[in-house]
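Novice: Mind having a look at this structure? Questions to follow.
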Amino acid sequence: MEMNAPYTSFVAVGDSFTEGMSDGLPDGSYRGWADLLAARLAALSPGFRYANLAVRGKLIRQIADEQCGPAASMGADLVTLVGGLNDVLRPKCDVEQVCATLEDAAGLLARGGGQLVLMRSPARQGPVLERFRPRMERLFARIDEPAVRHGAVVVDLYGSRALADARLWADDRLHLNAEGHRRVAEAVWQALGLPAASDWDAPLPAAVAPGWGARRAADLRFAREHLVPWIGRRLTGRSSGTAGRARTPAPSRAERSG
């Protein structure tokens with residue numbers, strides 16, 4: 001069945017979630033939900049253009065200051081904004097200021113004229129993020145207001161039970177794996193009113209829980225390789241995105257999927 005091409009260009013802004021960590025490719029680069037979405041949209045529109053300005057570790061003020069102006073100036077038909085989680089996961093955070101900055105960023109992007117998409121990011125089950133969950137929920141509660149103001153589409157991934165499953169997350173327990181990113185791309189696709197290819201929120205098949213020894217070994221490996229370095233960066237105010245650069249900072253032709 002043929003479809004009219006709904007979008008001819010797409011620009012994504014944000015942090016590591018939109019950059020694509022940890023949907024790794026064989027060459028060591030990342031792909032992620034935004035790239036997957038762009039490839040599917042490109043299949044509907046010859047000459048489709050795509051830019052991904054997201055950089056891992058960026059705070060919402062950095063996203064607003066560094067990415068939103070250039071993104072708005074591109075005049076894309078579709079623009080996505082996801083940010084604020086790096087702020088609320090820090091030891092000290094003014095959540096109200098984060099929310100206000102996110103609203104400012106949404107307003108700036110809306111002036112570019114394209115369809116704006118906002119998200120409530122997914123949250124993995126487990127103890128590590130529990131202390132930050134109230135902050136996350138305060139941030140997500142404020143998304144609907146700018147969405148209504150700017151006619152934005154809201155994709156609610158936070159309410160997904162499937163995306164809370166640990167099997168859809170990478171070893172660092174902070175970023176989705178390849179299947180998690182595929183499901184996010186499908187969720188955004190459907191939120192845009194495009195025909196579903198699958199049930200993105202379908203639960204994974206039941207699995208045999210690993211034994212105590214395997215869980216303990218995995219927890220120790222996670223703490224050593226990911227948790228301790230992450231805590232160190234938060235306590236010292238360092239960011240994984242200090243020297244990062246966007247992978248596709250200017251609109252370019254996206255490869256088609258399929």
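Following the order of the structure tokens, first chain is A, next is B, and so on, with residues numbered from 1 inside each chain and ligands from 1 in the order they appear.
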Env of Arg173 in chain A: 8 Å cut, atoms = only C-alpha atoms, seq-sep filter 4 positions within chain, self excluded. Answer as a list in words.
Specialist: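 Contacts, with the query itself left out: Arg124, Ala166 and Trp169 of chain A.
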Novice: Mind giving me the straight-line distance from CA of Met119 in chain A to CA of Leu157 in chain A in Å, one decimal?
Specialist: 7.0 Å
Novice: Given the choices A:Met136, A:Leu118, A:Ala64, A:Val88, which gets closest to Gly151 in chain A if the distance is worked out from only C-alpha atoms?
Specialist: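 With only C-alpha atoms as the atom set, the closest residue is A:Leu118.
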Novice: Could you state the separation of CA of Gly113 in chain A and CA of Glu96 in chain A in Å, given to one decimal place?
Specialist: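 Those two atoms sit 26.8 Å apart.
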Novice: Using only C-alpha atoms, which of A:Leu174, A:Tyr50, A:Ala71, A:Trp200 sits nearest Arg161 in chain A?
Specialist: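 The answer is A:Trp200, which sits nearest to Arg161 in chain A.
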Novice: Write out as JSON, numbers by chain each polymer residue whose atoms come within 12 Å of Phe140 in chain A, counting only C-alpha atoms; drop sequence neighbours fewer than 3 positions from it.
Specialist: {"A": [82, 83, 84, 85, 88, 95, 96, 98, 99, 102, 103, 118, 119, 120, 121, 122, 123, 133, 134, 135, 136, 137, 143, 144, 145, 146, 147, 154, 155, 156, 157, 158, 159]}
Novice: Figure out the distance between CA of Leu163 in chain A and CA of Glu186 in chain A, please, to one decimal in Å.
Specialist: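 About the pair CA of Glu186 in chain A and CA of Leu163 in chain A: they are 12.4 Å apart.
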Novice: Taking only C-alpha atoms into account, which of A:Ser9, A:Arg183, A:Val153, A:Leu81 comes nearest Pro46 in chain A?
Specialist: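 Counting only C-alpha atoms, the residue closest to Pro46 in chain A is A:Ser9.
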Novice: Could you give me the residues within range 71-162 of chain A that DSSP places in strand (DSSP E or B), as a list in words?
Specialist: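 Selection result, strand (DSSP E or B) within range 71-162 of chain A: Leu78, Val79, Thr80, Leu81, Val82, Gln115, Leu116, Val117, Leu118, Met119, Arg120, Val153, Val154, Val155 and Asp156 of chain A.
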Novice: Which neighbours of range 33-43 of chain A fall inside 9 Å, counting only C-alpha atoms, when residues of the same chain fewer than 3 positions from it are skipped, and could you give them as number ranges by chain?
Specialist: A: 5-12, 17-20, 23, 46-50, 52, 80, 178, 180-186, 188-189, 253-258
Novice: For N, CA and C atoms, I'd like the residues from the last selection saved as a short mmCIF file (atom, residue, chain, number, x, y, z; two decimals), in the first residue's frame.
Specialist:
data_model
loop_
_atom_site.label_atom_id
_atom_site.label_comp_id
_atom_site.auth_asym_id
_atom_site.auth_seq_id
_atom_site.Cartn_x
_atom_site.Cartn_y
_atom_site.Cartn_z
N ALA A 5 3.99 10.80 1.44
CA ALA A 5 5.13 11.09 2.30
C ALA A 5 4.74 12.16 3.31
N PRO A 6 4.68 11.83 4.61
CA PRO A 6 4.23 12.81 5.59
C PRO A 6 5.30 13.83 5.97
N TYR A 7 6.56 13.44 5.86
CA TYR A 7 7.66 14.32 6.25
C TYR A 7 8.80 14.18 5.25
N THR A 8 9.43 15.29 4.95
CA THR A 8 10.56 15.27 4.02
C THR A 8 11.88 15.58 4.71
N SER A 9 11.83 15.95 6.01
CA SER A 9 13.05 16.26 6.74
C SER A 9 12.80 16.08 8.23
N PHE A 10 13.87 15.79 8.96
CA PHE A 10 13.77 15.46 10.37
C PHE A 10 15.06 15.89 11.07
N VAL A 11 14.93 16.59 12.19
CA VAL A 11 16.10 16.92 13.00
C VAL A 11 15.81 16.52 14.44
N ALA A 12 16.78 15.86 15.07
CA ALA A 12 16.64 15.37 16.44
C ALA A 12 17.63 16.08 17.34
N PHE A 17 20.35 9.52 24.83
CA PHE A 17 19.17 8.76 24.44
C PHE A 17 18.86 8.94 22.96
N THR A 18 18.98 10.17 22.47
CA THR A 18 18.71 10.45 21.07
C THR A 18 19.94 10.22 20.20
N GLU A 19 21.13 10.33 20.79
CA GLU A 19 22.34 10.02 20.04
C GLU A 19 22.35 8.55 19.62
N GLY A 20 21.79 7.69 20.46
CA GLY A 20 21.68 6.29 20.10
C GLY A 20 22.40 5.31 21.00
N ASP A 23 22.95 1.38 21.18
CA ASP A 23 22.60 0.58 20.01
C ASP A 23 23.84 0.56 19.12
N PRO A 46 11.51 10.36 -1.22
CA PRO A 46 12.80 10.52 -1.91
C PRO A 46 13.43 11.88 -1.57
N GLY A 47 14.72 11.87 -1.31
CA GLY A 47 15.40 13.11 -0.97
C GLY A 47 15.25 13.52 0.47
N PHE A 48 14.73 12.62 1.31
CA PHE A 48 14.54 12.91 2.73
C PHE A 48 15.86 13.34 3.37
N ARG A 49 15.78 14.37 4.23
CA ARG A 49 16.98 14.92 4.88
C ARG A 49 16.88 14.73 6.39
N TYR A 50 18.02 14.46 7.00
CA TYR A 50 18.04 14.12 8.43
C TYR A 50 19.29 14.67 9.09
N ASN A 52 21.01 14.77 13.20
CA ASN A 52 20.92 14.40 14.61
C ASN A 52 21.97 15.21 15.37
N THR A 80 12.40 16.44 17.05
CA THR A 80 12.19 15.78 18.34
C THR A 80 13.09 16.40 19.39
N ALA A 178 19.73 -2.43 21.45
CA ALA A 178 19.21 -2.32 20.09
C ALA A 178 17.70 -2.56 20.02
N GLY A 180 15.55 -2.18 22.44
CA GLY A 180 14.89 -1.06 23.09
C GLY A 180 14.76 0.13 22.16
N HIS A 181 15.82 0.44 21.43
CA HIS A 181 15.76 1.55 20.48
C HIS A 181 14.79 1.26 19.34
N ARG A 182 14.73 0.01 18.91
CA ARG A 182 13.78 -0.33 17.84
C ARG A 182 12.36 -0.07 18.30
N ARG A 183 12.07 -0.41 19.54
CA ARG A 183 10.72 -0.20 20.07
C ARG A 183 10.41 1.30 20.21
N VAL A 184 11.39 2.09 20.59
CA VAL A 184 11.15 3.54 20.69
C VAL A 184 10.85 4.12 19.31
N ALA A 185 11.61 3.70 18.31
CA ALA A 185 11.36 4.19 16.95
C ALA A 185 9.94 3.84 16.51
N GLU A 186 9.50 2.64 16.84
CA GLU A 186 8.14 2.23 16.48
C GLU A 186 7.11 3.05 17.25
N VAL A 188 7.40 6.18 18.32
CA VAL A 188 7.32 7.52 17.73
C VAL A 188 6.60 7.45 16.38
N TRP A 189 6.93 6.45 15.60
CA TRP A 189 6.27 6.24 14.29
C TRP A 189 4.76 6.19 14.44
N ARG A 253 21.13 13.27 3.46
CA ARG A 253 20.18 12.25 3.01
C ARG A 253 20.26 11.04 3.92
N ALA A 254 19.12 10.59 4.38
CA ALA A 254 19.05 9.41 5.23
C ALA A 254 18.90 8.17 4.37
N GLU A 255 19.57 7.09 4.77
CA GLU A 255 19.41 5.83 4.06
C GLU A 255 18.07 5.23 4.35
N ARG A 256 17.45 4.64 3.34
CA ARG A 256 16.14 4.04 3.51
C ARG A 256 16.25 2.69 4.19
N SER A 257 15.21 2.37 4.94
CA SER A 257 15.16 1.04 5.54
C SER A 257 14.43 0.10 4.61
N GLY A 258 14.63 -1.20 4.88
CA GLY A 258 13.91 -2.19 4.11
C GLY A 258 14.55 -2.54 2.80
#
Novice: Identify, on the basis of only C-alpha atoms, every residue whose closest approach to Ser73 in chain A does not exceed 12 Å; exclude the query and any residue fewer than 4 positions from it along the same chain; express the result as a PyMOL selection string.
Specialist: chain A and resi 11+67-69+77+79+108-114+250-251
Novice: How would the residues just chosen look if you wrote them out with N, CA, C and O atoms as a PDB file, in the first residue's frame?
Specialist:
ATOM      1  N   VAL A  11      14.932  16.587  12.191  1.00  0.00           N
ATOM      2  CA  VAL A  11      16.104  16.923  13.000  1.00  0.00           C
ATOM      3  C   VAL A  11      15.812  16.517  14.441  1.00  0.00           C
ATOM      4  O   VAL A  11      14.724  16.764  14.961  1.00  0.00           O
ATOM      5  N   GLN A  67      21.892  23.407  20.665  1.00  0.00           N
ATOM      6  CA  GLN A  67      21.251  22.604  19.627  1.00  0.00           C
ATOM      7  C   GLN A  67      19.957  23.192  19.074  1.00  0.00           C
ATOM      8  O   GLN A  67      19.676  23.051  17.879  1.00  0.00           O
ATOM      9  N   CYS A  68      19.174  23.842  19.927  1.00  0.00           N
ATOM     10  CA  CYS A  68      17.826  24.226  19.498  1.00  0.00           C
ATOM     11  C   CYS A  68      17.824  25.340  18.456  1.00  0.00           C
ATOM     12  O   CYS A  68      17.002  25.319  17.532  1.00  0.00           O
ATOM     13  N   GLY A  69      18.714  26.307  18.591  1.00  0.00           N
ATOM     14  CA  GLY A  69      18.790  27.367  17.586  1.00  0.00           C
ATOM     15  C   GLY A  69      19.122  26.822  16.211  1.00  0.00           C
ATOM     16  O   GLY A  69      18.392  27.071  15.233  1.00  0.00           O
ATOM     17  N   ASP A  77      10.552  19.441   8.719  1.00  0.00           N
ATOM     18  CA  ASP A  77       9.134  19.096   8.880  1.00  0.00           C
ATOM     19  C   ASP A  77       8.858  18.455  10.236  1.00  0.00           C
ATOM     20  O   ASP A  77       7.753  18.545  10.760  1.00  0.00           O
ATOM     21  N   VAL A  79      10.676  17.578  14.209  1.00  0.00           N
ATOM     22  CA  VAL A  79      11.772  17.805  15.151  1.00  0.00           C
ATOM     23  C   VAL A  79      11.432  17.142  16.476  1.00  0.00           C
ATOM     24  O   VAL A  79      10.295  17.234  16.949  1.00  0.00           O
ATOM     25  N   LEU A 108      11.420  27.405  21.309  1.00  0.00           N
ATOM     26  CA  LEU A 108      12.362  27.776  20.264  1.00  0.00           C
ATOM     27  C   LEU A 108      12.258  26.838  19.074  1.00  0.00           C
ATOM     28  O   LEU A 108      12.238  27.273  17.912  1.00  0.00           O
ATOM     29  N   LEU A 109      12.168  25.544  19.344  1.00  0.00           N
ATOM     30  CA  LEU A 109      12.054  24.587  18.250  1.00  0.00           C
ATOM     31  C   LEU A 109      10.738  24.743  17.496  1.00  0.00           C
ATOM     32  O   LEU A 109      10.688  24.595  16.270  1.00  0.00           O
ATOM     33  N   ALA A 110       9.670  25.054  18.219  1.00  0.00           N
ATOM     34  CA  ALA A 110       8.369  25.226  17.576  1.00  0.00           C
ATOM     35  C   ALA A 110       8.379  26.367  16.571  1.00  0.00           C
ATOM     36  O   ALA A 110       7.638  26.334  15.581  1.00  0.00           O
ATOM     37  N   ARG A 111       9.221  27.362  16.827  1.00  0.00           N
ATOM     38  CA  ARG A 111       9.298  28.495  15.885  1.00  0.00           C
ATOM     39  C   ARG A 111       9.884  28.085  14.542  1.00  0.00           C
ATOM     40  O   ARG A 111       9.778  28.835  13.568  1.00  0.00           O
ATOM     41  N   GLY A 112      10.503  26.907  14.482  1.00  0.00           N
ATOM     42  CA  GLY A 112      11.011  26.422  13.201  1.00  0.00           C
ATOM     43  C   GLY A 112       9.911  25.963  12.270  1.00  0.00           C
ATOM     44  O   GLY A 112      10.147  25.777  11.072  1.00  0.00           O
ATOM     45  N   GLY A 113       8.701  25.754  12.816  1.00  0.00           N
ATOM     46  CA  GLY A 113       7.539  25.465  11.975  1.00  0.00           C
ATOM     47  C   GLY A 113       7.217  24.010  11.749  1.00  0.00           C
ATOM     48  O   GLY A 113       6.163  23.700  11.185  1.00  0.00           O
ATOM     49  N   GLY A 114       8.074  23.088  12.174  1.00  0.00           N
ATOM     50  CA  GLY A 114       7.804  21.677  11.943  1.00  0.00           C
ATOM     51  C   GLY A 114       6.985  21.057  13.058  1.00  0.00           C
ATOM     52  O   GLY A 114       6.694  21.685  14.078  1.00  0.00           O
ATOM     53  N   ALA A 250      24.504  18.455  10.303  1.00  0.00           N
ATOM     54  CA  ALA A 250      23.836  19.178   9.221  1.00  0.00           C
ATOM     55  C   ALA A 250      22.937  18.208   8.478  1.00  0.00           C
ATOM     56  O   ALA A 250      23.221  17.005   8.417  1.00  0.00           O
ATOM     57  N   PRO A 251      21.835  18.702   7.914  1.00  0.00           N
ATOM     58  CA  PRO A 251      20.921  17.797   7.210  1.00  0.00           C
ATOM     59  C   PRO A 251      21.616  17.066   6.073  1.00  0.00           C
ATOM     60  O   PRO A 251      22.344  17.644   5.290  1.00  0.00           O
TER      61      PRO A 251
END
Novice: Kindly indicate which residue among A:Gln97, A:Ser16, A:Ser22, A:Gln115 lies nearest to Val55 in chain A, using only C-alpha atoms for the distances.
Specialist: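 Result for the nearest residue to Val55 in chain A: A:Ser16.
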Novice: Restricting the calculation to only C-alpha atoms, which member of A:Asp94, A:Gln62, A:Arg167, A:Arg247 is positioned closest to Pro205 in chain A?
Specialist: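 Distance minimum relative to Pro205 in chain A lands on A:Arg167.
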Novice: Range 10-207 of chain A: which residues are helix (DSSP H, G or I) by DSSP, as a PDB file with C-alpha atoms, in the first residue's frame?
Specialist:
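Output file out_18.pdb follows:
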ATOM      1  CA  SER A  16      22.701  10.151  24.722  1.00  0.00           C
ATOM      2  CA  PHE A  17      19.165   8.756  24.445  1.00  0.00           C
ATOM      3  CA  THR A  18      18.706  10.454  21.066  1.00  0.00           C
ATOM      4  CA  GLU A  19      22.340  10.019  20.041  1.00  0.00           C
ATOM      5  CA  TRP A  33      15.825   5.157  17.577  1.00  0.00           C
ATOM      6  CA  ALA A  34      16.193   8.490  15.762  1.00  0.00           C
ATOM      7  CA  ASP A  35      18.305   6.927  12.999  1.00  0.00           C
ATOM      8  CA  LEU A  36      15.845   4.046  12.703  1.00  0.00           C
ATOM      9  CA  LEU A  37      12.920   6.454  12.468  1.00  0.00           C
ATOM     10  CA  ALA A  38      14.724   8.558   9.872  1.00  0.00           C
ATOM     11  CA  ALA A  39      15.410   5.491   7.727  1.00  0.00           C
ATOM     12  CA  ARG A  40      11.742   4.508   7.749  1.00  0.00           C
ATOM     13  CA  LEU A  41      10.607   8.028   6.899  1.00  0.00           C
ATOM     14  CA  ALA A  42      13.187   8.193   4.108  1.00  0.00           C
ATOM     15  CA  ILE A  60      18.987  20.731  29.222  1.00  0.00           C
ATOM     16  CA  ARG A  61      20.538  24.212  29.244  1.00  0.00           C
ATOM     17  CA  GLN A  62      23.275  23.008  26.909  1.00  0.00           C
ATOM     18  CA  ILE A  63      20.705  21.405  24.622  1.00  0.00           C
ATOM     19  CA  ALA A  64      18.715  24.637  24.550  1.00  0.00           C
ATOM     20  CA  ASP A  65      21.745  26.853  23.949  1.00  0.00           C
ATOM     21  CA  GLU A  66      23.756  24.677  21.581  1.00  0.00           C
ATOM     22  CA  GLN A  67      21.251  22.604  19.627  1.00  0.00           C
ATOM     23  CA  CYS A  68      17.826  24.226  19.498  1.00  0.00           C
ATOM     24  CA  GLY A  69      18.790  27.367  17.586  1.00  0.00           C
ATOM     25  CA  PRO A  70      20.562  25.472  14.785  1.00  0.00           C
ATOM     26  CA  ALA A  71      17.768  22.887  14.720  1.00  0.00           C
ATOM     27  CA  ALA A  72      15.049  25.532  14.392  1.00  0.00           C
ATOM     28  CA  SER A  73      16.959  27.256  11.604  1.00  0.00           C
ATOM     29  CA  LEU A  85      17.293  13.455  32.588  1.00  0.00           C
ATOM     30  CA  ASN A  86      21.003  14.194  32.905  1.00  0.00           C
ATOM     31  CA  ASP A  87      19.996  17.141  35.100  1.00  0.00           C
ATOM     32  CA  VAL A  88      17.651  15.257  37.412  1.00  0.00           C
ATOM     33  CA  VAL A  95      13.867  20.670  38.912  1.00  0.00           C
ATOM     34  CA  GLU A  96      11.727  23.751  38.369  1.00  0.00           C
ATOM     35  CA  GLN A  97      14.553  25.412  36.451  1.00  0.00           C
ATOM     36  CA  VAL A  98      15.031  22.268  34.367  1.00  0.00           C
ATOM     37  CA  CYS A  99      11.320  22.252  33.510  1.00  0.00           C
ATOM     38  CA  ALA A 100      11.384  25.951  32.605  1.00  0.00           C
ATOM     39  CA  THR A 101      14.397  25.461  30.344  1.00  0.00           C
ATOM     40  CA  LEU A 102      12.765  22.490  28.644  1.00  0.00           C
ATOM     41  CA  GLU A 103       9.696  24.633  27.959  1.00  0.00           C
ATOM     42  CA  ASP A 104      11.916  27.389  26.517  1.00  0.00           C
ATOM     43  CA  ALA A 105      13.662  24.850  24.288  1.00  0.00           C
ATOM     44  CA  ALA A 106      10.332  23.527  23.043  1.00  0.00           C
ATOM     45  CA  GLY A 107       9.205  27.059  22.221  1.00  0.00           C
ATOM     46  CA  LEU A 108      12.362  27.776  20.264  1.00  0.00           C
ATOM     47  CA  LEU A 109      12.054  24.587  18.250  1.00  0.00           C
ATOM     48  CA  ALA A 110       8.369  25.226  17.576  1.00  0.00           C
ATOM     49  CA  GLU A 130      14.613   4.831  42.468  1.00  0.00           C
ATOM     50  CA  ARG A 131      15.948   7.791  44.443  1.00  0.00           C
ATOM     51  CA  PHE A 132      15.641   9.965  41.323  1.00  0.00           C
ATOM     52  CA  ARG A 133      12.190   8.772  40.277  1.00  0.00           C
ATOM     53  CA  PRO A 134      10.276  11.641  42.012  1.00  0.00           C
ATOM     54  CA  ARG A 135      12.378  14.179  40.111  1.00  0.00           C
ATOM     55  CA  MET A 136      11.769  12.350  36.846  1.00  0.00           C
ATOM     56  CA  GLU A 137       8.044  12.354  37.443  1.00  0.00           C
ATOM     57  CA  ARG A 138       8.037  16.090  38.223  1.00  0.00           C
ATOM     58  CA  LEU A 139       9.841  16.712  34.941  1.00  0.00           C
ATOM     59  CA  PHE A 140       7.517  14.474  32.942  1.00  0.00           C
ATOM     60  CA  ALA A 141       4.417  16.032  34.512  1.00  0.00           C
ATOM     61  CA  ASP A 144       1.963  18.278  28.506  1.00  0.00           C
ATOM     62  CA  GLU A 145       1.700  22.052  28.977  1.00  0.00           C
ATOM     63  CA  PRO A 146       4.253  23.075  26.311  1.00  0.00           C
ATOM     64  CA  ALA A 147       2.972  20.250  24.124  1.00  0.00           C
ATOM     65  CA  VAL A 148      -0.517  21.752  24.092  1.00  0.00           C
ATOM     66  CA  ARG A 149       0.873  25.253  23.593  1.00  0.00           C
ATOM     67  CA  HIS A 150       2.904  24.245  20.539  1.00  0.00           C
ATOM     68  CA  ALA A 162       7.911  -3.457  28.281  1.00  0.00           C
ATOM     69  CA  LEU A 163      10.586  -0.762  28.221  1.00  0.00           C
ATOM     70  CA  ALA A 164      11.039  -1.179  31.969  1.00  0.00           C
ATOM     71  CA  ALA A 166      15.956  -5.078  32.106  1.00  0.00           C
ATOM     72  CA  ARG A 167      16.398  -7.169  28.944  1.00  0.00           C
ATOM     73  CA  LEU A 168      15.837  -4.058  26.807  1.00  0.00           C
ATOM     74  CA  ALA A 178      19.213  -2.322  20.089  1.00  0.00           C
ATOM     75  CA  GLU A 179      15.785  -3.867  20.696  1.00  0.00           C
ATOM     76  CA  GLY A 180      14.888  -1.060  23.094  1.00  0.00           C
ATOM     77  CA  HIS A 181      15.764   1.554  20.483  1.00  0.00           C
ATOM     78  CA  ARG A 182      13.782  -0.333  17.844  1.00  0.00           C
ATOM     79  CA  ARG A 183      10.718  -0.198  20.065  1.00  0.00           C
ATOM     80  CA  VAL A 184      11.148   3.536  20.693  1.00  0.00           C
ATOM     81  CA  ALA A 185      11.357   4.186  16.946  1.00  0.00           C
ATOM     82  CA  GLU A 186       8.137   2.229  16.484  1.00  0.00           C
ATOM     83  CA  ALA A 187       6.462   4.164  19.314  1.00  0.00           C
ATOM     84  CA  VAL A 188       7.322   7.517  17.726  1.00  0.00           C
ATOM     85  CA  TRP A 189       6.273   6.235  14.295  1.00  0.00           C
ATOM     86  CA  GLN A 190       2.856   5.285  15.620  1.00  0.00           C
ATOM     87  CA  ALA A 191       2.492   8.516  17.617  1.00  0.00           C
TER      88      ALA A 191
END
Novice: Could you check which of A:Ala246, A:Asn177, A:Leu204, A:Gly57 is closest to Leu25 in chain A, using only C-alpha atoms?
Specialist: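 That would be A:Asn177, the residue with the smallest distance to Leu25 in chain A.
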